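So this block is model.json, JSON, C-alpha atoms:
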```json
[["chain", "number", "residue", "atom", "x", "y", "z"],
["E", 201, "GLN", "CA", 24.98, -98.15, -3.15],
["E", 202, "VAL", "CA", 27.47, -100.42, -4.88],
["E", 203, "GLN", "CA", 28.03, -99.71, -8.54],
["E", 204, "LEU", "CA", 30.39, -101.20, -11.07],
["E", 205, "VAL", "CA", 30.33, -99.38, -14.39],
["E", 206, "GLU", "CA", 32.31, -100.66, -17.35],
["E", 207, "SER", "CA", 33.29, -98.61, -20.36],
["E", 208, "GLY", "CA", 35.69, -98.67, -23.28],
["E", 209, "GLY", "CA", 34.16, -101.36, -25.42],
["E", 210, "ASN", "CA", 34.17, -100.86, -29.17],
["E", 211, "SER", "CA", 34.22, -102.53, -32.57],
["E", 212, "VAL", "CA", 37.77, -102.98, -33.85],
["E", 213, "GLN", "CA", 39.79, -104.93, -36.37],
["E", 214, "ALA", "CA", 41.83, -107.97, -35.42],
["E", 215, "GLY", "CA", 45.21, -106.94, -34.06],
["E", 216, "ALA", "CA", 43.93, -103.73, -32.52],
["E", 217, "SER", "CA", 44.03, -102.74, -28.86],
["E", 218, "LEU", "CA", 41.36, -101.60, -26.43],
["E", 219, "ARG", "CA", 41.43, -100.48, -22.84],
["E", 220, "LEU", "CA", 38.39, -101.29, -20.75],
["E", 221, "SER", "CA", 37.67, -99.40, -17.55],
["E", 222, "CYS", "CA", 35.61, -100.33, -14.54],
["E", 223, "ALA", "CA", 34.54, -97.62, -12.12],
["E", 224, "ALA", "CA", 33.67, -99.25, -8.81],
["E", 225, "SER", "CA", 31.97, -97.27, -6.07],
["E", 226, "GLY", "CA", 29.92, -97.78, -2.94],
["E", 227, "ARG", "CA", 32.55, -99.67, -0.96],
["E", 228, "THR", "CA", 36.25, -99.40, -0.31],
["E", 229, "PHE", "CA", 37.07, -101.51, -3.33],
["E", 230, "SER", "CA", 40.79, -101.15, -2.80],
["E", 231, "ASP", "CA", 40.21, -103.85, -0.15],
["E", 232, "TYR", "CA", 38.79, -106.32, -2.67],
["E", 233, "ALA", "CA", 40.22, -108.51, -5.38],
["E", 234, "MET", "CA", 38.61, -107.55, -8.67],
["E", 235, "ALA", "CA", 38.01, -109.53, -11.84],
["E", 236, "TRP", "CA", 37.03, -109.30, -15.47],
["E", 237, "PHE", "CA", 34.77, -111.87, -17.09],
["E", 238, "ARG", "CA", 33.35, -112.09, -20.58],
["E", 239, "GLN", "CA", 30.41, -113.73, -22.26],
["E", 240, "ALA", "CA", 29.93, -114.27, -25.95],
["E", 241, "PRO", "CA", 26.51, -115.06, -27.45],
["E", 242, "VAL", "CA", 25.37, -118.64, -26.76],
["E", 243, "LYS", "CA", 28.48, -119.25, -24.65],
["E", 244, "GLU", "CA", 29.03, -119.55, -20.93],
["E", 245, "ARG", "CA", 30.49, -116.64, -19.05],
["E", 246, "GLU", "CA", 34.21, -117.13, -18.66],
["E", 247, "PHE", "CA", 36.92, -115.76, -16.42],
["E", 248, "VAL", "CA", 39.37, -113.41, -18.11],
["E", 249, "ALA", "CA", 41.62, -111.97, -15.39],
["E", 250, "ASP", "CA", 41.73, -110.95, -11.77],
["E", 251, "ILE", "CA", 43.89, -108.79, -9.55],
["E", 252, "SER", "CA", 44.56, -108.97, -5.83],
["E", 253, "TRP", "CA", 43.28, -106.37, -3.41],
["E", 254, "ASN", "CA", 46.71, -104.71, -3.28],
["E", 255, "GLY", "CA", 47.44, -105.03, -6.98],
["E", 256, "TYR", "CA", 50.47, -107.26, -6.47],
["E", 257, "THR", "CA", 49.03, -110.47, -7.90],
["E", 258, "THR", "CA", 47.29, -111.04, -11.21],
["E", 259, "ASN", "CA", 45.87, -114.12, -12.88],
["E", 260, "TYR", "CA", 44.81, -114.65, -16.46],
["E", 261, "ALA", "CA", 42.90, -117.14, -18.53],
["E", 262, "ALA", "CA", 45.21, -119.06, -20.82],
["E", 263, "SER", "CA", 43.45, -117.65, -23.86],
["E", 264, "VAL", "CA", 44.42, -114.06, -23.01],
["E", 265, "LYS", "CA", 47.70, -114.47, -21.17],
["E", 266, "GLY", "CA", 50.43, -112.36, -22.76],
["E", 267, "ARG", "CA", 47.89, -110.18, -24.58],
["E", 268, "PHE", "CA", 45.72, -108.74, -21.79],
["E", 269, "THR", "CA", 46.81, -106.85, -18.69],
["E", 270, "ILE", "CA", 44.64, -106.13, -15.67],
["E", 271, "SER", "CA", 45.52, -103.24, -13.40],
["E", 272, "ARG", "CA", 44.03, -101.01, -10.75],
["E", 273, "ASP", "CA", 44.65, -97.45, -9.68],
["E", 274, "ASN", "CA", 44.19, -95.26, -6.65],
["E", 275, "PRO", "CA", 40.66, -94.11, -5.96],
["E", 276, "ASN", "CA", 39.42, -90.76, -7.16],
["E", 277, "MET", "CA", 36.42, -89.22, -5.38],
["E", 278, "ASP", "CA", 35.56, -92.67, -3.90],
["E", 279, "VAL", "CA", 35.58, -94.30, -7.33],
["E", 280, "TYR", "CA", 37.97, -97.20, -7.60],
["E", 281, "PRO", "CA", 39.21, -97.84, -11.13],
["E", 282, "VAL", "CA", 40.15, -101.19, -12.56],
["E", 283, "TYR", "CA", 41.41, -101.59, -16.11],
["E", 284, "LEU", "CA", 41.81, -104.28, -18.72],
["E", 285, "GLN", "CA", 44.33, -103.48, -21.43],
["E", 286, "MET", "CA", 43.67, -105.75, -24.39],
["E", 287, "ASN", "CA", 46.27, -106.03, -27.13],
["E", 288, "SER", "CA", 46.47, -108.14, -30.28],
["E", 289, "LEU", "CA", 42.73, -108.65, -30.23],
["E", 290, "LYS", "CA", 41.30, -111.65, -32.03],
["E", 291, "PRO", "CA", 37.77, -112.30, -33.32],
["E", 292, "GLU", "CA", 37.35, -114.89, -30.56],
["E", 293, "ASP", "CA", 37.77, -112.10, -28.01],
["E", 294, "SER", "CA", 34.41, -110.68, -29.10],
["E", 295, "ALA", "CA", 32.09, -110.67, -26.10],
["E", 296, "THR", "CA", 30.45, -108.55, -23.47],
["E", 297, "TYR", "CA", 33.03, -107.85, -20.78],
["E", 298, "TYR", "CA", 32.03, -107.58, -17.14],
["E", 299, "CYS", "CA", 33.78, -106.24, -14.09],
["E", 300, "ALA", "CA", 33.08, -108.15, -10.87],
["E", 301, "THR", "CA", 33.94, -108.63, -7.25],
["E", 302, "SER", "CA", 32.34, -110.22, -4.22],
["E", 303, "SER", "CA", 32.27, -110.11, -0.46],
["E", 304, "ARG", "CA", 34.43, -113.24, -0.48],
["E", 305, "SER", "CA", 37.12, -111.31, -2.39],
["E", 306, "TYR", "CA", 37.80, -109.07, 0.58],
["E", 307, "TYR", "CA", 41.58, -108.89, 1.16],
["E", 308, "GLN", "CA", 42.10, -111.77, -1.24],
["E", 309, "THR", "CA", 44.84, -112.36, -3.79],
["E", 310, "LYS", "CA", 42.28, -113.50, -6.33],
["E", 311, "TYR", "CA", 38.59, -113.15, -7.06],
["E", 312, "ARG", "CA", 36.39, -115.58, -5.13],
["E", 313, "ALA", "CA", 32.84, -116.21, -6.21],
["E", 314, "GLY", "CA", 30.05, -116.38, -3.68],
["E", 315, "GLY", "CA", 28.76, -114.28, -0.87],
["E", 316, "ASN", "CA", 27.46, -110.97, -2.12],
["E", 317, "GLU", "CA", 28.54, -110.69, -5.73],
["E", 318, "PHE", "CA", 28.75, -107.39, -7.55],
["E", 319, "TRP", "CA", 28.64, -107.12, -11.34],
["E", 320, "GLY", "CA", 28.60, -104.30, -13.81],
["E", 321, "GLN", "CA", 26.26, -104.04, -16.76],
["E", 322, "GLY", "CA", 28.98, -104.96, -19.24],
["E", 323, "THR", "CA", 30.67, -103.34, -22.20],
["E", 324, "GLN", "CA", 30.62, -104.82, -25.70],
["E", 325, "VAL", "CA", 33.79, -105.70, -27.56],
["E", 326, "THR", "CA", 33.56, -106.79, -31.18],
["E", 327, "VAL", "CA", 36.65, -107.84, -33.11],
["E", 328, "SER", "CA", 36.35, -108.38, -36.84],
["E", 329, "SER", "CA", 38.81, -110.27, -38.99]]
```
Output the file's structure as C-alpha coordinates, nothing else.
Amino acid sequence: QVQLVESGGNSVQAGASLRLSCAASGRTFSDYAMAWFRQAPVKEREFVADISWNGYTTNYAASVKGRFTISRDNPNMDVYPVYLQMNSLKPEDSATYYCATSSRSYYQTKYRAGGNEFWGQGTQVTVSS
(Lines of atoms letter the chains of each structure in order from A and count residues from 1; the text may use other names and numbers.)
(Lines give C-alpha, C1' and ligand atoms only; values in the text may rest on other atoms or scores of the structure.)
Protein backbone atom coordinates (compact mmCIF):
# COMPACT_ATOMS: atom_id res chain seq x y z
CA GLN A 1 0.00 0.00 0.00
CA VAL A 2 1.45 3.32 -1.10
CA GLN A 3 1.62 5.97 1.58
CA LEU A 4 3.05 9.46 1.60
CA VAL A 5 2.99 11.06 5.03
CA GLU A 6 4.05 14.65 5.52
CA SER A 7 5.09 16.18 8.81
CA GLY A 8 6.91 19.21 10.18
CA GLY A 9 4.36 21.92 9.54
CA ASN A 10 3.94 24.60 12.18
CA SER A 11 2.99 28.19 12.89
CA VAL A 12 6.03 30.47 12.81
CA GLN A 13 7.01 34.10 12.51
CA ALA A 14 8.24 35.61 9.26
CA GLY A 15 11.93 34.95 8.79
CA ALA A 16 11.87 31.62 10.58
CA SER A 17 12.80 28.23 9.16
CA LEU A 18 10.97 24.93 8.97
CA ARG A 19 11.90 21.51 7.70
CA LEU A 20 9.11 19.43 6.22
CA SER A 21 9.45 15.68 5.90
CA CYS A 22 7.70 13.22 3.64
CA ALA A 23 7.83 9.53 4.48
CA ALA A 24 7.05 7.56 1.33
CA SER A 25 6.42 3.84 1.49
CA GLY A 26 4.82 1.06 -0.51
CA ARG A 27 7.08 1.30 -3.54
CA THR A 28 10.76 1.71 -4.22
CA PHE A 29 10.48 5.48 -4.19
CA SER A 30 14.19 5.94 -4.73
CA ASP A 31 13.29 5.16 -8.38
CA TYR A 32 10.86 8.08 -8.62
CA ALA A 33 11.19 11.82 -8.93
CA MET A 34 9.42 13.42 -5.98
CA ALA A 35 7.81 16.81 -5.56
CA TRP A 36 6.39 19.26 -3.07
CA PHE A 37 3.28 21.28 -3.83
CA ARG A 38 1.33 23.73 -1.72
CA GLN A 39 -2.17 25.10 -1.60
CA ALA A 40 -3.35 28.16 0.24
CA PRO A 41 -7.04 28.78 0.99
CA VAL A 42 -9.02 29.86 -2.10
CA LYS A 43 -5.92 29.43 -4.27
CA GLU A 44 -4.91 26.83 -6.80
CA ARG A 45 -2.42 24.18 -5.83
CA GLU A 46 1.03 25.23 -6.96
CA PHE A 47 4.32 23.50 -7.59
CA VAL A 48 7.04 24.26 -5.05
CA ALA A 49 10.00 21.98 -5.85
CA ASP A 50 10.95 18.61 -7.23
CA ILE A 51 13.94 16.31 -7.15
CA SER A 52 15.09 13.68 -9.61
CA TRP A 53 14.99 10.00 -8.83
CA ASN A 54 18.72 9.97 -8.07
CA GLY A 55 18.75 13.27 -6.21
CA TYR A 56 21.08 14.96 -8.68
CA THR A 57 18.59 17.42 -10.17
CA THR A 58 16.28 19.83 -8.40
CA ASN A 59 13.80 22.41 -9.63
CA TYR A 60 12.10 25.22 -7.77
CA ALA A 61 9.28 27.64 -8.23
CA ALA A 62 10.57 31.16 -8.70
CA SER A 63 8.83 32.28 -5.52
CA VAL A 64 10.89 29.93 -3.33
CA LYS A 65 14.17 29.65 -5.20
CA GLY A 66 17.10 30.54 -2.96
CA ARG A 67 15.03 30.05 0.20
CA PHE A 68 13.81 26.44 -0.04
CA THR A 69 15.85 23.29 -0.55
CA ILE A 70 14.45 19.89 -1.49
CA SER A 71 16.45 16.78 -0.69
CA ARG A 72 16.07 13.05 -0.31
CA ASP A 73 17.82 10.45 1.77
CA ASN A 74 18.47 6.74 1.75
CA PRO A 75 15.56 4.54 2.73
CA ASN A 76 15.14 3.30 6.26
CA MET A 77 13.00 0.19 6.82
CA ASP A 78 11.45 0.66 3.33
CA VAL A 79 10.48 4.25 4.10
CA TYR A 80 11.89 6.74 1.63
CA PRO A 81 12.34 10.22 3.08
CA VAL A 82 12.06 13.45 1.16
CA TYR A 83 12.60 16.82 2.79
CA LEU A 84 11.83 20.46 2.18
CA GLN A 85 14.02 22.89 4.09
CA MET A 86 12.30 26.26 4.16
CA ASN A 87 14.27 29.32 5.22
CA SER A 88 13.38 33.01 5.41
CA LEU A 89 9.70 32.16 5.50
CA LYS A 90 7.22 34.80 4.40
CA PRO A 91 3.50 35.14 5.14
CA GLU A 92 2.80 34.27 1.50
CA ASP A 93 4.38 30.86 2.12
CA SER A 94 1.43 29.97 4.35
CA ALA A 95 -0.31 26.94 2.89
CA THR A 96 -0.86 23.24 3.20
CA TYR A 97 2.18 21.49 1.79
CA TYR A 98 1.88 18.19 -0.03
CA CYS A 99 4.38 15.56 -1.04
CA ALA A 100 3.68 13.88 -4.38
CA THR A 101 4.91 11.53 -7.04
CA SER A 102 3.42 9.57 -9.89
CA SER A 103 3.96 6.52 -12.05
CA ARG A 104 5.13 8.88 -14.80
CA SER A 105 7.92 10.10 -12.50
CA TYR A 106 9.65 6.74 -12.61
CA TYR A 107 13.37 7.28 -13.32
CA GLN A 108 12.69 10.89 -14.23
CA THR A 109 14.73 14.01 -13.55
CA LYS A 110 11.58 15.89 -12.58
CA TYR A 111 8.08 15.20 -11.36
CA ARG A 112 5.61 14.37 -14.14
CA ALA A 113 1.91 14.55 -13.50
CA GLY A 114 -0.40 11.84 -14.76
CA GLY A 115 -0.60 8.10 -14.61
CA ASN A 116 -1.09 6.91 -11.07
CA GLU A 117 -0.54 9.90 -8.84
CA PHE A 118 0.29 9.60 -5.17
CA TRP A 119 -0.31 12.39 -2.68
CA GLY A 120 0.06 12.78 1.03
CA GLN A 121 -2.54 14.29 3.33
CA GLY A 122 -0.60 17.52 3.71
CA THR A 123 1.00 19.46 6.53
CA GLN A 124 0.00 23.00 7.46
CA VAL A 125 2.47 25.86 7.45
CA THR A 126 1.38 29.24 8.78
CA VAL A 127 3.73 32.22 8.69
CA SER A 128 2.72 35.36 10.53
CA SER A 129 4.18 38.80 9.99
Within 12 Å of Ala240 in chain E using all atoms listed in the file, minus same-chain residues under 6 positions, as a PyMOL selection string: chain E and resi 246-247+291-298+322-327
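Contact shell of Asn259 in chain E at 10 Å (all atoms listed in the file; same-chain neighbours under 2 positions omitted): Ala235, Phe247, Val248, Ala249, Asp250, Ile251, Ser252, Thr257, Ala261, Ala262, Lys265, Thr269, Ile270, Thr309, Lys310 and Tyr311 of chain E.
Distance-wise, CA of Gly255 in chain E and CA of Ser271 in chain E end up 6.9 Å apart.
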Residue nearest Arg219 in chain E - candidates E:Phe268, E:Tyr307, E:Trp319, E:Tyr232, atoms counted: only C-alpha atoms: E:Phe268
Between CA of Cys299 in chain E and CA of Gln203 in chain E, distance in Å (one decimal): 10.3 Å
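Computed from the coordinates, the CA of Ala233 in chain E to CA of Ala313 in chain E distance equals 10.7 Å.
With distances restricted to all atoms listed in the file, E:Arg267 is the closest residue to Leu218 in chain E from E:Arg304, E:Arg272, E:Arg267, E:Arg245.
Nearest residue to Thr228 in chain E among E:Ser288, E:Thr301, E:Gln321, E:Ser263 is E:Thr301, counting only C-alpha atoms.
If only C-alpha atoms are the atoms counted, then among E:Gly209, E:Gly314, E:Pro241, E:Pro275 the closest residue to Gly226 in chain E is E:Pro275.
Distance check against Gly208 in chain E using all atoms listed in the file: of E:Gln308, E:Ser221, E:Ser329, E:Asn254, the minimum falls on E:Ser221.
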Nearest to Gln285 in chain E, chosen from E:Val264, E:Arg227, E:Arg312, E:Ser211, with only C-alpha atoms counted in the distances: E:Val264
Box along x, y and z, 4 Å on every side, all listed atoms of range 316-323 of chain E inside: centre and edge lengths in Å to one decimal, as JSON.
```
{"center_x": 28.5, "center_y": -107.2, "center_z": -12.2, "size_x": 12.4, "size_y": 15.6, "size_z": 28.1}
```
